[in-house]
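Containing mmCIF, C-alpha atoms and all ligand atoms: coords-v2.cif.
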data_query
loop_
_atom_site.label_atom_id
_atom_site.label_comp_id
_atom_site.auth_asym_id
_atom_site.auth_seq_id
_atom_site.Cartn_x
_atom_site.Cartn_y
_atom_site.Cartn_z
CA MET A 36 -15.61 -20.57 -19.96
CA TYR A 37 -18.66 -19.93 -17.80
CA PRO A 38 -21.85 -18.60 -19.34
CA ASP A 39 -21.42 -15.46 -17.24
CA PRO A 40 -24.79 -13.74 -16.67
CA ASP A 41 -22.95 -10.43 -16.26
CA HIS A 42 -21.07 -10.70 -19.55
CA SER A 43 -23.03 -8.08 -21.49
CA PHE A 44 -23.07 -5.65 -18.55
CA VAL A 45 -19.32 -5.89 -18.13
CA LEU A 46 -18.67 -5.48 -21.85
CA ALA A 47 -20.87 -2.39 -21.96
CA CYS A 48 -18.86 -0.84 -19.11
CA GLN A 49 -15.58 -1.73 -20.78
CA GLU A 50 -16.68 -0.20 -24.08
CA ALA A 51 -18.04 2.96 -22.47
CA GLY A 52 -14.91 3.42 -20.38
CA SER A 53 -16.52 5.87 -17.97
CA GLY A 54 -19.78 7.64 -17.33
CA GLY A 55 -20.18 7.29 -13.59
CA LEU A 56 -23.33 5.89 -12.09
CA ASP A 57 -25.35 7.33 -14.99
CA GLY A 58 -23.52 5.16 -17.52
CA PRO A 59 -23.54 1.38 -18.08
CA PHE A 60 -21.98 0.83 -14.65
CA ARG A 61 -25.40 1.56 -13.19
CA GLY A 62 -26.63 -1.82 -14.46
CA LEU A 63 -23.93 -3.72 -12.59
CA TYR A 64 -24.31 -1.55 -9.54
CA ASP A 65 -28.02 -2.26 -9.33
CA ARG A 66 -27.44 -5.99 -9.75
CA TYR A 67 -24.85 -6.15 -7.01
CA LYS A 68 -25.39 -3.38 -4.50
CA ASP A 69 -27.58 -5.43 -2.12
CA ARG A 70 -25.36 -8.49 -2.34
CA VAL A 71 -22.22 -6.46 -1.75
CA TYR A 72 -23.79 -4.52 1.10
CA ASN A 73 -24.99 -7.69 2.84
CA VAL A 74 -21.60 -9.39 2.56
CA CYS A 75 -19.91 -6.25 3.87
CA PHE A 76 -22.47 -5.89 6.66
CA ARG A 77 -22.10 -9.48 7.88
CA ILE A 78 -18.31 -9.41 7.74
CA THR A 79 -17.80 -5.99 9.30
CA GLY A 80 -20.71 -6.37 11.72
CA ASN A 81 -22.13 -2.85 11.48
CA ALA A 82 -23.87 -0.54 9.00
CA SER A 83 -21.28 2.22 9.03
CA ASP A 84 -18.37 -0.07 8.19
CA ALA A 85 -20.53 -1.91 5.67
CA LEU A 86 -21.17 1.36 3.88
CA ASP A 87 -17.46 2.19 3.81
CA ALA A 88 -16.52 -1.28 2.56
CA SER A 89 -19.31 -1.25 -0.06
CA GLN A 90 -18.17 2.13 -1.31
CA GLU A 91 -14.61 0.88 -1.57
CA THR A 92 -15.76 -2.27 -3.36
CA PHE A 93 -17.68 -0.40 -6.05
CA GLY A 94 -14.90 2.16 -6.37
CA ILE A 95 -12.44 -0.65 -7.12
CA LEU A 96 -14.88 -2.32 -9.51
CA TYR A 97 -15.42 0.94 -11.37
CA ARG A 98 -11.73 1.67 -11.74
CA LYS A 99 -10.65 -1.87 -12.61
CA ILE A 100 -13.50 -3.19 -14.69
CA GLY A 101 -11.54 -2.48 -17.87
CA GLU A 102 -8.98 -5.06 -16.74
CA PHE A 103 -11.51 -7.87 -16.12
CA ARG A 104 -10.96 -10.70 -18.63
CA PHE A 105 -13.61 -13.29 -17.60
CA HIS A 106 -11.05 -15.75 -16.25
CA SER A 107 -13.61 -16.31 -13.49
CA ARG A 108 -17.24 -15.44 -13.01
CA PHE A 109 -17.70 -11.70 -12.65
CA SER A 110 -19.70 -12.37 -9.48
CA SER A 111 -16.73 -14.21 -7.94
CA TRP A 112 -14.58 -11.19 -8.62
CA VAL A 113 -17.14 -8.89 -6.99
CA TYR A 114 -17.40 -11.11 -3.91
CA ARG A 115 -13.64 -11.34 -3.61
CA ILE A 116 -13.28 -7.56 -3.68
CA ALA A 117 -16.11 -7.11 -1.19
CA VAL A 118 -14.69 -9.71 1.22
CA ASN A 119 -11.21 -8.22 1.02
CA ALA A 120 -12.47 -4.66 1.42
CA SER A 121 -14.44 -5.67 4.52
CA ILE A 122 -11.62 -7.66 6.07
CA ASP A 123 -9.08 -4.95 5.28
CA LEU A 124 -11.30 -2.34 6.86
CA LYS A 125 -11.64 -4.34 10.06
CA ARG A 126 -7.95 -5.11 10.03
CA ARG A 127 -7.09 -1.44 9.75
CA GLN A 128 -9.41 -0.72 12.66
CA SER A 129 -7.81 -3.31 14.91
CA SER A 130 -4.55 -4.18 13.24
CA ARG A 131 -3.02 -5.25 16.52
CA ARG A 132 -5.60 -7.97 17.16
CA PHE A 133 -5.49 -9.31 13.62
CA ALA A 134 -1.74 -9.04 13.18
CA SER A 135 -1.03 -12.77 13.33
CA LEU A 136 -3.88 -14.01 11.22
CA GLU A 137 -2.52 -13.05 7.80
CA TRP A 138 -5.75 -13.16 5.90
CA ALA A 139 -4.10 -12.78 2.53
CA SER A 140 -1.88 -15.83 2.89
CA GLU A 141 -3.51 -19.13 1.99
CA SER A 142 -0.57 -21.09 3.32
CA GLY A 143 -1.55 -20.54 6.93
CA ASP A 144 -4.53 -22.86 6.77
CA SER A 145 -3.33 -24.88 9.72
CA PRO A 146 -5.47 -27.53 11.37
CA GLY A 147 -5.19 -25.73 14.69
CA ARG A 148 -8.53 -24.42 15.86
CA SER A 149 -7.40 -21.96 18.51
CA GLN A 150 -7.35 -19.06 16.03
CA ASP A 151 -10.79 -19.73 14.62
CA VAL A 152 -12.43 -17.60 17.27
CA LEU A 153 -10.79 -14.26 17.83
CA ASP A 154 -11.88 -13.61 21.36
CA GLU A 155 -12.41 -16.61 23.60
CA ASN A 156 -13.26 -14.47 26.61
CA ILE A 157 -16.47 -13.01 25.30
CA GLU A 158 -19.35 -14.08 27.47
CA MET A 159 -21.63 -16.81 26.19
CA PRO A 160 -24.89 -15.70 24.61
CA MET A 161 -27.91 -15.61 26.88
CA ALA A 162 -30.03 -18.74 26.67
CA SER A 163 -33.34 -16.96 26.28
CA ALA A 164 -33.30 -15.10 23.04
CA SER A 165 -36.05 -13.41 21.20
CA ARG A 166 -36.03 -13.27 17.40
CA HIS A 167 -34.24 -9.95 17.46
CA GLU A 168 -31.76 -11.10 20.08
CA LEU A 169 -31.07 -14.25 18.11
CA GLU A 170 -30.17 -12.16 15.10
CA ARG A 171 -27.82 -10.13 17.24
CA GLU A 172 -26.19 -13.22 18.75
CA VAL A 173 -25.65 -14.82 15.37
CA GLN A 174 -24.06 -11.64 14.07
CA LEU A 175 -21.84 -11.42 17.15
CA ALA A 176 -20.75 -15.02 16.66
CA ILE A 177 -19.84 -14.30 13.02
CA THR A 178 -17.86 -11.25 14.08
CA ARG A 179 -15.93 -13.34 16.60
CA LEU A 180 -14.75 -15.72 13.88
CA SER A 181 -11.36 -15.26 12.29
CA PRO A 182 -11.46 -13.39 8.97
CA LYS A 183 -11.05 -16.59 6.93
CA LEU A 184 -13.91 -18.38 8.62
CA ARG A 185 -16.07 -15.27 8.63
CA ALA A 186 -15.71 -14.94 4.87
CA ILE A 187 -16.54 -18.58 4.21
CA THR A 188 -19.55 -18.51 6.54
CA VAL A 189 -21.01 -15.37 5.00
CA LEU A 190 -20.54 -16.52 1.41
CA ARG A 191 -22.00 -19.94 2.19
CA TYR A 192 -24.93 -19.10 4.42
CA VAL A 193 -25.74 -15.45 3.76
CA GLU A 194 -25.11 -15.46 0.01
CA ASN A 195 -25.86 -19.18 -0.52
CA LEU A 196 -22.88 -19.65 -2.83
CA SER A 197 -21.92 -23.16 -3.90
CA TYR A 198 -18.60 -24.64 -2.84
CA GLU A 199 -17.29 -24.02 -6.33
CA GLU A 200 -18.32 -20.37 -6.30
CA ILE A 201 -16.75 -19.87 -2.87
CA ALA A 202 -13.54 -21.55 -4.02
CA GLU A 203 -13.39 -19.20 -7.00
CA ALA A 204 -14.22 -16.08 -5.02
CA LEU A 205 -11.63 -16.77 -2.33
CA ASP A 206 -9.13 -18.40 -4.69
CA ILE A 207 -8.87 -21.58 -2.62
CA SER A 208 -9.51 -25.26 -3.32
CA ILE A 209 -12.85 -26.95 -2.72
CA GLY A 210 -11.15 -29.12 -0.10
CA THR A 211 -10.14 -25.96 1.75
CA VAL A 212 -13.70 -24.66 1.47
CA LYS A 213 -14.98 -27.83 3.17
CA SER A 214 -12.36 -27.86 5.92
CA ARG A 215 -12.86 -24.18 6.72
CA LEU A 216 -16.60 -24.63 6.74
CA ALA A 217 -16.21 -27.52 9.21
CA ARG A 218 -14.05 -25.33 11.45
CA ALA A 219 -16.54 -22.49 11.21
CA HIS A 220 -19.33 -24.89 12.27
CA ASP A 221 -17.25 -26.02 15.26
CA ALA A 222 -16.65 -22.46 16.43
CA LEU A 223 -20.24 -21.36 15.83
CA ASP A 224 -21.62 -24.47 17.50
CA ARG A 225 -19.64 -23.65 20.63
CA GLU A 226 -20.86 -20.06 20.58
CA LEU A 227 -24.46 -20.54 19.55
CA GLY A 228 -25.42 -24.11 20.51
CA PRO A 229 -27.38 -23.27 23.69
CA VAL A 230 -29.12 -20.20 22.32
CA LEU A 231 -30.17 -22.00 19.14
CA HIS A 232 -31.46 -24.95 21.13
CA LYS A 233 -33.55 -22.60 23.22
CA HIS A 234 -34.82 -20.69 20.21
CA TYR A 235 -35.72 -23.63 17.98
CA LEU A 236 -36.62 -26.30 20.52
CA GLY A 237 -38.01 -24.09 23.27
CA MET B 197 -18.70 -31.65 19.99
CA THR B 198 -15.04 -31.60 19.07
CA ALA B 199 -13.24 -32.59 22.27
CA PRO B 200 -9.90 -34.35 21.67
CA SER B 201 -11.10 -37.47 23.56
CA GLU B 202 -13.81 -38.05 20.96
CA PRO B 203 -13.53 -41.24 18.89
CA SER B 204 -11.88 -40.51 15.57
CA THR B 205 -14.79 -42.10 13.72
CA CYS B 206 -17.07 -39.31 14.98
CA ARG B 207 -14.64 -36.67 13.74
CA GLU B 208 -14.28 -38.42 10.39
CA TRP B 209 -18.01 -38.83 10.01
CA ARG B 210 -18.66 -35.18 10.83
CA ASP B 211 -15.97 -33.96 8.43
CA ALA B 212 -17.46 -36.18 5.71
CA CYS B 213 -20.83 -34.49 6.23
CA PHE B 214 -19.34 -31.36 4.61
CA ASP B 215 -18.75 -33.24 1.35
CA SER B 216 -22.42 -32.75 0.54
CA GLU B 217 -23.57 -29.21 -0.11
CA ALA B 218 -27.08 -30.27 0.84
CA ALA B 219 -26.05 -31.27 4.37
CA PHE B 220 -27.92 -29.60 7.25
CA GLY B 221 -30.40 -28.05 4.82
CA PRO B 222 -34.20 -28.45 4.92
CA GLY B 223 -35.16 -32.09 4.47
CA SER B 224 -31.61 -33.41 4.88
CA SER B 225 -30.88 -36.31 7.23
CA PRO B 226 -27.79 -37.88 8.79
CA GLY B 227 -28.56 -41.09 6.90
CA ALA B 228 -28.03 -44.63 8.00
CA GLY B 229 -24.80 -45.80 9.63
CA HIS B 230 -22.79 -43.78 12.14
CA GLY B 231 -25.10 -40.78 12.02
CA SER B 232 -28.05 -42.77 13.26
CA GLU B 233 -26.13 -45.17 15.49
CA CYS B 234 -24.07 -42.60 17.46
CA ALA B 235 -26.17 -40.45 19.77
CA ALA B 236 -23.48 -37.76 20.04
CA CYS B 237 -23.26 -37.39 16.28
CA ALA B 238 -27.03 -37.41 15.88
CA ASP B 239 -27.19 -34.58 18.41
CA TRP B 240 -24.36 -32.79 16.59
CA TRP B 241 -26.27 -33.12 13.31
CA GLY B 242 -29.31 -31.47 14.88
CA ARG B 243 -27.22 -28.54 16.13
CA GLN B 244 -25.71 -27.96 12.69
CA CYS B 245 -29.19 -27.95 11.15
CA ARG B 246 -30.31 -25.30 13.64
CA LEU B 247 -27.18 -23.28 12.91
CA VAL B 248 -27.86 -23.28 9.18
CA ALA B 249 -31.50 -22.40 9.82
CA ALA B 250 -30.44 -19.44 11.94
CA PHE B 251 -28.29 -18.15 9.08
CA ARG B 252 -31.11 -18.69 6.64
CA ASP B 253 -33.36 -16.62 8.88
CA LEU B 254 -30.96 -13.70 9.06
CA GLN B 255 -32.54 -10.54 7.80
CA ARG B 256 -31.25 -9.31 4.47
CA SER B 257 -30.78 -5.58 4.20
CA ALA B 258 -31.13 -3.44 1.11
CA ALA B 259 -28.14 -1.26 0.38
CA PRO B 260 -28.85 2.18 1.87
CA ALA B 261 -29.43 5.18 -0.38
CA ALA B 262 -26.31 6.74 1.13
CA LEU B 263 -24.26 4.29 -0.92
CA ASP B 264 -25.67 5.75 -4.16
CA GLN B 265 -24.78 9.24 -3.03
CA ARG B 266 -21.28 8.27 -1.95
CA LEU B 267 -20.56 6.46 -5.18
CA GLY B 268 -22.00 9.30 -7.20
CA SER B 269 -19.65 11.75 -5.53
CA GLU B 270 -16.68 9.38 -5.79
CA GLN B 271 -17.24 8.91 -9.50
CA LEU B 272 -17.84 12.61 -10.01
CA ALA B 273 -14.45 13.24 -8.43
CA ALA B 274 -12.87 10.59 -10.66
CA ALA B 275 -14.47 12.17 -13.73
CA ARG B 276 -13.18 15.60 -12.72
CA THR B 277 -9.65 14.25 -12.33
CA ARG B 278 -9.88 12.58 -15.73
CA ALA B 279 -11.11 15.80 -17.34
CA VAL B 280 -8.25 17.79 -15.83
CA LEU B 281 -5.70 15.24 -17.04
CA GLU B 282 -7.17 15.20 -20.53
CA HIS B 283 -6.93 18.98 -20.82
CA LEU B 284 -3.32 19.26 -19.70
CA SER B 285 -1.38 20.61 -22.67
CA VAL B 286 1.57 18.64 -23.96
CA LEU B 287 4.86 20.32 -23.08
CA HIS B 288 7.55 20.56 -25.75
CA ALA B 289 11.23 20.33 -24.85
CA PRO B 290 12.91 23.75 -25.04
CA ALA B 291 15.36 24.35 -27.89
CA VAL B 292 18.23 24.77 -25.42
CA LEU B 293 17.92 21.06 -24.63
CA ASP B 294 19.42 20.24 -28.05
CA ARG B 295 22.56 22.21 -27.21
CA LEU B 296 22.85 20.81 -23.69
CA VAL B 297 22.45 17.22 -24.86
CA GLY B 298 24.93 17.89 -27.68
CA GLU B 299 27.49 19.09 -25.12
CA GLU B 300 26.69 16.22 -22.81
CA ILE B 301 27.29 13.52 -25.39
CA SER B 302 30.24 15.25 -27.12
CA GLY B 303 32.40 14.51 -24.06
CA GLN B 304 33.74 18.04 -23.59
CA PRO B 305 33.82 18.43 -19.81
CA GLY B 306 35.17 21.99 -19.97
CA THR B 307 32.02 23.19 -21.64
CA THR B 308 29.82 21.81 -18.91
CA VAL B 309 31.96 23.05 -16.02
CA GLY B 310 32.23 26.51 -17.60
CA ARG B 311 28.49 26.72 -18.07
CA PHE B 312 27.65 25.77 -14.53
CA ALA B 313 30.41 27.79 -12.89
CA THR B 314 29.63 30.98 -14.84
CA ASP B 315 25.95 30.53 -14.06
CA LEU B 316 26.60 30.66 -10.31
CA ALA B 317 24.58 33.49 -8.84
CA ARG B 318 26.64 36.39 -7.56
CA LEU B 319 25.38 37.51 -4.20
CA GLN B 320 25.60 41.00 -2.77
CA ALA B 321 27.10 41.32 0.69
CA PRO B 322 24.46 42.27 3.22
CA ALA B 323 24.62 45.73 4.80
CA ALA B 324 25.17 44.09 8.19
CA LEU B 325 28.53 42.81 6.96
CA GLU B 326 29.62 46.32 6.09
CA ARG B 327 28.65 47.56 9.56
CA ALA B 328 30.42 44.63 11.25
CA LEU B 329 33.55 45.31 9.22
CA ALA B 330 33.44 49.00 10.12
CA ASP B 331 33.13 48.07 13.81
CA SER B 332 35.97 45.58 13.72
CA ALA B 333 38.09 48.03 11.74
CA ALA B 334 37.54 50.66 14.41
CA ILE B 335 38.48 48.23 17.21
CA ALA B 336 41.59 47.01 15.41
CA ASP B 337 42.50 50.34 14.00
CA GLU B 338 46.15 50.25 15.03
CA PRO B 339 47.15 46.90 13.44
CA ALA B 340 45.05 47.72 10.35
CA ALA B 341 46.88 50.99 9.92
CA ALA B 342 50.21 49.17 10.24
CA ALA B 343 49.15 46.64 7.65
CA ARG B 344 48.05 49.38 5.29
CA GLU B 345 51.41 51.06 5.73
CA PHE B 346 53.17 47.74 4.99
CA ARG B 347 51.10 47.21 1.86
CA THR B 348 51.54 50.66 0.47
CA SER B 349 55.23 50.80 1.26
CA ILE B 350 56.06 47.82 -0.99
CA PRO B 351 55.82 48.02 -4.78
CA GLY B 352 52.94 46.03 -6.34
CA GLY B 353 55.06 43.49 -8.29
CA LEU B 354 57.21 42.63 -5.27
CA ARG B 355 54.14 42.34 -3.04
CA ARG B 356 52.52 39.85 -5.43
CA ARG B 357 55.71 37.74 -5.49
CA TRP B 358 55.85 37.79 -1.68
CA ILE B 359 52.24 36.69 -1.44
CA GLY B 360 52.79 34.02 -4.09
CA ALA B 361 55.85 32.71 -2.30
CA ALA B 362 54.02 32.72 1.03
CA GLY B 363 51.13 30.84 -0.53
CA ALA B 364 53.45 28.24 -2.07
CA LEU B 365 55.28 27.86 1.26
CA ALA B 366 51.99 27.36 3.12
CA ALA B 367 50.81 24.76 0.60
CA GLY B 368 54.16 22.97 0.79
CA LEU B 369 54.03 22.89 4.60
CA LEU B 370 50.50 21.52 4.46
CA ALA B 371 51.59 18.75 2.09
CA LEU B 372 54.55 17.96 4.37
CA VAL B 373 52.33 17.78 7.43
CA VAL B 374 49.92 15.46 5.62
CA LEU B 375 52.75 13.18 4.48
CA ARG B 376 54.40 13.09 7.90
CA ALA B 377 51.22 12.59 9.89
CA GLY B 378 49.91 9.83 7.70
CA SER B 379 52.75 7.35 7.63
CA ASP B 380 50.25 4.50 8.16
CA GLU B 381 47.70 6.08 5.89
CA PRO B 382 47.44 5.59 2.11
CA ASN B 383 50.35 7.39 0.55
CA TYR B 384 48.78 10.49 -1.02
CA ARG B 385 51.28 12.33 -3.14
CA PHE B 386 50.82 16.07 -3.38
CA GLU B 387 52.93 18.23 -5.54
CA VAL B 388 52.62 21.98 -5.61
CA VAL B 389 53.15 23.29 -9.08
CA GLU B 390 52.95 26.77 -10.45
CA LEU B 391 51.55 27.19 -13.92
CA ASP B 392 50.90 30.26 -15.93
CA ALA B 393 47.46 30.62 -17.40
CA ALA B 394 48.51 29.58 -20.91
CA GLN B 395 50.15 26.38 -19.59
CA LEU B 396 47.07 25.61 -17.52
CA ARG B 397 44.86 25.98 -20.59
CA GLU B 398 47.03 23.52 -22.50
CA GLN B 399 47.52 20.94 -19.76
CA SER B 400 44.07 21.00 -18.11
CA PRO B 401 41.23 22.60 -20.06
CA LEU B 402 38.84 21.63 -17.29
CA GLY B 403 40.93 23.31 -14.60
CA PHE B 404 41.44 26.33 -16.83
CA ARG B 405 37.69 26.80 -17.36
CA PHE B 406 37.02 26.38 -13.69
CA ALA B 407 39.71 28.87 -12.64
CA ASP B 408 38.52 31.28 -15.32
CA ALA B 409 34.91 31.02 -14.19
CA VAL B 410 35.77 31.48 -10.51
CA SER B 411 38.06 34.44 -11.22
CA GLY B 412 35.41 36.16 -13.26
CA GLY B 413 37.40 35.94 -16.50
CA ALA B 414 40.76 37.19 -15.14
CA VAL B 415 42.61 33.95 -15.87
CA ALA B 416 41.59 34.01 -19.54
CA VAL B 417 42.81 37.59 -19.83
CA ARG B 418 46.13 36.64 -18.30
CA ALA B 419 46.44 33.63 -20.57
CA ALA B 420 45.84 35.92 -23.55
CA LEU B 421 48.55 38.33 -22.34
CA GLY B 422 50.83 35.41 -21.41
CA GLU B 423 52.06 37.07 -18.23
CA SER B 424 51.51 36.12 -14.61
CA PRO B 425 50.79 32.78 -12.88
CA ALA B 426 47.32 31.42 -12.99
CA GLY B 427 47.63 29.73 -9.65
CA GLY B 428 48.74 26.54 -7.99
CA GLY B 429 47.60 23.15 -9.15
CA ARG B 430 47.41 19.80 -7.46
CA LYS B 431 48.10 16.50 -9.07
ZN ZN C 501 -20.19 -40.29 16.54
#

Take the structure in this file and express it as structure tokens.
Amino acid sequence: MYPDPDHSFVLACQEAGSGGLDGPFRGLYDRYKDRVYNVCFRITGNASDALDASQETFGILYRKIGEFRFHSRFSSWVYRIAVNASIDLKRRQSSRRFASLEWASESGDSPGRSQDVLDENIEMPMASASRHELEREVQLAITRLSPKLRAITVLRYVENLSYEEIAEALDISIGTVKSRLARAHDALDRELGPVLHKHYLG
Amino acid sequence: MTAPSEPSTCREWRDACFDSEAAFGPGSSPGAGHGSECAACADWWGRQCRLVAAFRDLQRSAAPAALDQRLGSEQLAAARTRAVLEHLSVLHAPAVLDRLVGEEISGQPGTTVGRFATDLARLQAPAALERALADSAAIADEPAAAAREFRTSIPGGLRRRWIGAAGALAAGLLALVVLRAGSDEPNYRFEVVELDAAQLREQSPLGFRFADAVSGGAVAVRAALGESPAGGGRK
């Protein structure tokens, strides 16, 4: 198996059984809280939802850590829970819009690109963008992606995970990681091309 | 970009770029071949590099302190629930369960029916019923008086036989009506029989216990004395 850097932390939690944030779980929480919060923030697109999704993520981790058997990296498990908590939260908020996307099903990874961007009618970003505006436009473009592409983009470019780590976290093949990443680039290029050109090339 | 009219080699070349995890990163290049020969793909490569740079430049936030507080309270609540569950005392089955299970598995249906029927709560008639009866008795005073006269003028034994015969006649007529009306229906066969209490106890212990329970013990008394009918039965 993997030389999991979280091995001793997880074992300590499993042996202690409970103890809240004052027990061994504190070690894992401190290692992951920023990573989880950033993933949740970039997928949900706002601080309030990110807080809710982060809380849910750590609640699940705390309750289920006794069942973790190191069949994957612990970090992959954490990312998977965080991604799912964020997507589920957004889906609950706008279940009607997301109804046909079926995030949980891996079989729907069709080559069609029309679903990659959720809302085609959103106005194009303004060409002149300050640093702060650029940040906002990038976040908006992520939020407009479908849940699958949003997850892959955030794990790849916000968390800098390798293809292998992403494949493990999302339980998909490396080939699927590459094809989804290519689709995400297509959609983001359409959304952000002009504003990025302006920002980086003046 | 990705317009359908684009040559397939461009699409293939761009897809192949994603085979390398280092693509579009700092210091990466489109390499020799299609990437440097095709202006559209060279331009595309530049856009992807800027895209990745924009992501790299995204501000990373620290988890807010509110998350600590929320998790603290969530885990406090979980700990409280666990403490409550741990202190719940273990309940022991009551001794009566032994007897009930014994009856259940001994296959004596009479025992069970008797127990449930005799346990039926006996309700007291509400006072409003008494008032309503008094009112209706006053309105129908004349027929009621005639009925009372009829009842008291006939000896008890004869009256019971009359009522028994009338009951049997009514049941027989009902059976006849059912048989006549349902010529196309499944052929239910009703037979009105009259059993005394002792016969009922021998032929149908279940029916005997039920009749005894409903009559408040009168049927058992009659069976013991071996006198009058216990009632009609249906087969
Ligand atoms: Zn080309």

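For ligand ZN 501 (chain C), the neighbouring polymer residues at 8 Å or closer are Pro203, Thr205, Cys206, Arg207, Trp209, Arg210, His230, Gly231, Glu233, Cys234, Ala235, Ala236, Cys237 and Ala238 of chain B, all atoms listed in the file being used.
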
Residues of chain A were defined as contacting chain B if any atom lay at most 9 Å from it, counting only C-alpha atoms; please report them as a compact mmCIF listing (two decimals) with C-alpha atoms, keeping the file's coordinate frame.
# COMPACT_ATOMS: atom_id res chain seq x y z
CA SER A 53 -16.52 5.87 -17.97
CA GLY A 54 -19.78 7.64 -17.33
CA GLY A 55 -20.18 7.29 -13.59
CA LEU A 56 -23.33 5.89 -12.09
CA ASP A 57 -25.35 7.33 -14.99
CA LYS A 68 -25.39 -3.38 -4.50
CA ASP A 69 -27.58 -5.43 -2.12
CA ARG A 70 -25.36 -8.49 -2.34
CA VAL A 71 -22.22 -6.46 -1.75
CA TYR A 72 -23.79 -4.52 1.10
CA ASN A 73 -24.99 -7.69 2.84
CA PHE A 76 -22.47 -5.89 6.66
CA LEU A 86 -21.17 1.36 3.88
CA ASP A 87 -17.46 2.19 3.81
CA SER A 89 -19.31 -1.25 -0.06
CA GLN A 90 -18.17 2.13 -1.31
CA GLU A 91 -14.61 0.88 -1.57
CA PHE A 93 -17.68 -0.40 -6.05
CA GLY A 94 -14.90 2.16 -6.37
CA TYR A 97 -15.42 0.94 -11.37
CA LEU A 169 -31.07 -14.25 18.11
CA GLU A 170 -30.17 -12.16 15.10
CA VAL A 173 -25.65 -14.82 15.37
CA GLN A 174 -24.06 -11.64 14.07
CA VAL A 189 -21.01 -15.37 5.00
CA TYR A 192 -24.93 -19.10 4.42
CA VAL A 193 -25.74 -15.45 3.76
CA ASN A 195 -25.86 -19.18 -0.52
CA SER A 197 -21.92 -23.16 -3.90
CA TYR A 198 -18.60 -24.64 -2.84
CA GLY A 210 -11.15 -29.12 -0.10
CA LYS A 213 -14.98 -27.83 3.17
CA SER A 214 -12.36 -27.86 5.92
CA LEU A 216 -16.60 -24.63 6.74
CA ALA A 217 -16.21 -27.52 9.21
CA HIS A 220 -19.33 -24.89 12.27
CA ASP A 221 -17.25 -26.02 15.26
CA LEU A 223 -20.24 -21.36 15.83
CA ASP A 224 -21.62 -24.47 17.50
CA ARG A 225 -19.64 -23.65 20.63
CA LEU A 227 -24.46 -20.54 19.55
CA GLY A 228 -25.42 -24.11 20.51
CA LEU A 231 -30.17 -22.00 19.14
CA HIS A 232 -31.46 -24.95 21.13
CA TYR A 235 -35.72 -23.63 17.98

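Using all atoms listed in the file, the smallest distance between any of A:Gly62, A:Gly237, A:Gly80, A:Gly52 and A:Arg98 comes from A:Gly52.
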
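Going from atom CA of A:Asn81 to atom CA of A:Glu226 covers 19.5 Å.
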
Original post:
Any idea what's packed within 12 Å of stretch 101-103 of chain A, counting all atoms listed in the file, ignoring anything in its chain fewer than 5 positions away? Could you give it as a count of residues only?
Top reply: 21

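The gap separating atom CA of B:Leu369 from atom CA of B:Ser400 is 24.9 Å, in Å to one decimal.
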
Original post:
Quick one, how far is atom CA of A:His234 from atom CA of A:Arg171?
Top reply: 13.0 Å

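Closest approach to A:Ile177 from the set A:Ser107, A:Lys99, A:Thr79, A:Ile122 is made by A:Thr79, with distances taken over only C-alpha atoms.
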
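Distances here use only C-alpha atoms; by that measure, the residue among A:Ser130, A:Ser121, A:Thr92, A:Ser208 closest to A:Arg77 is A:Ser121.
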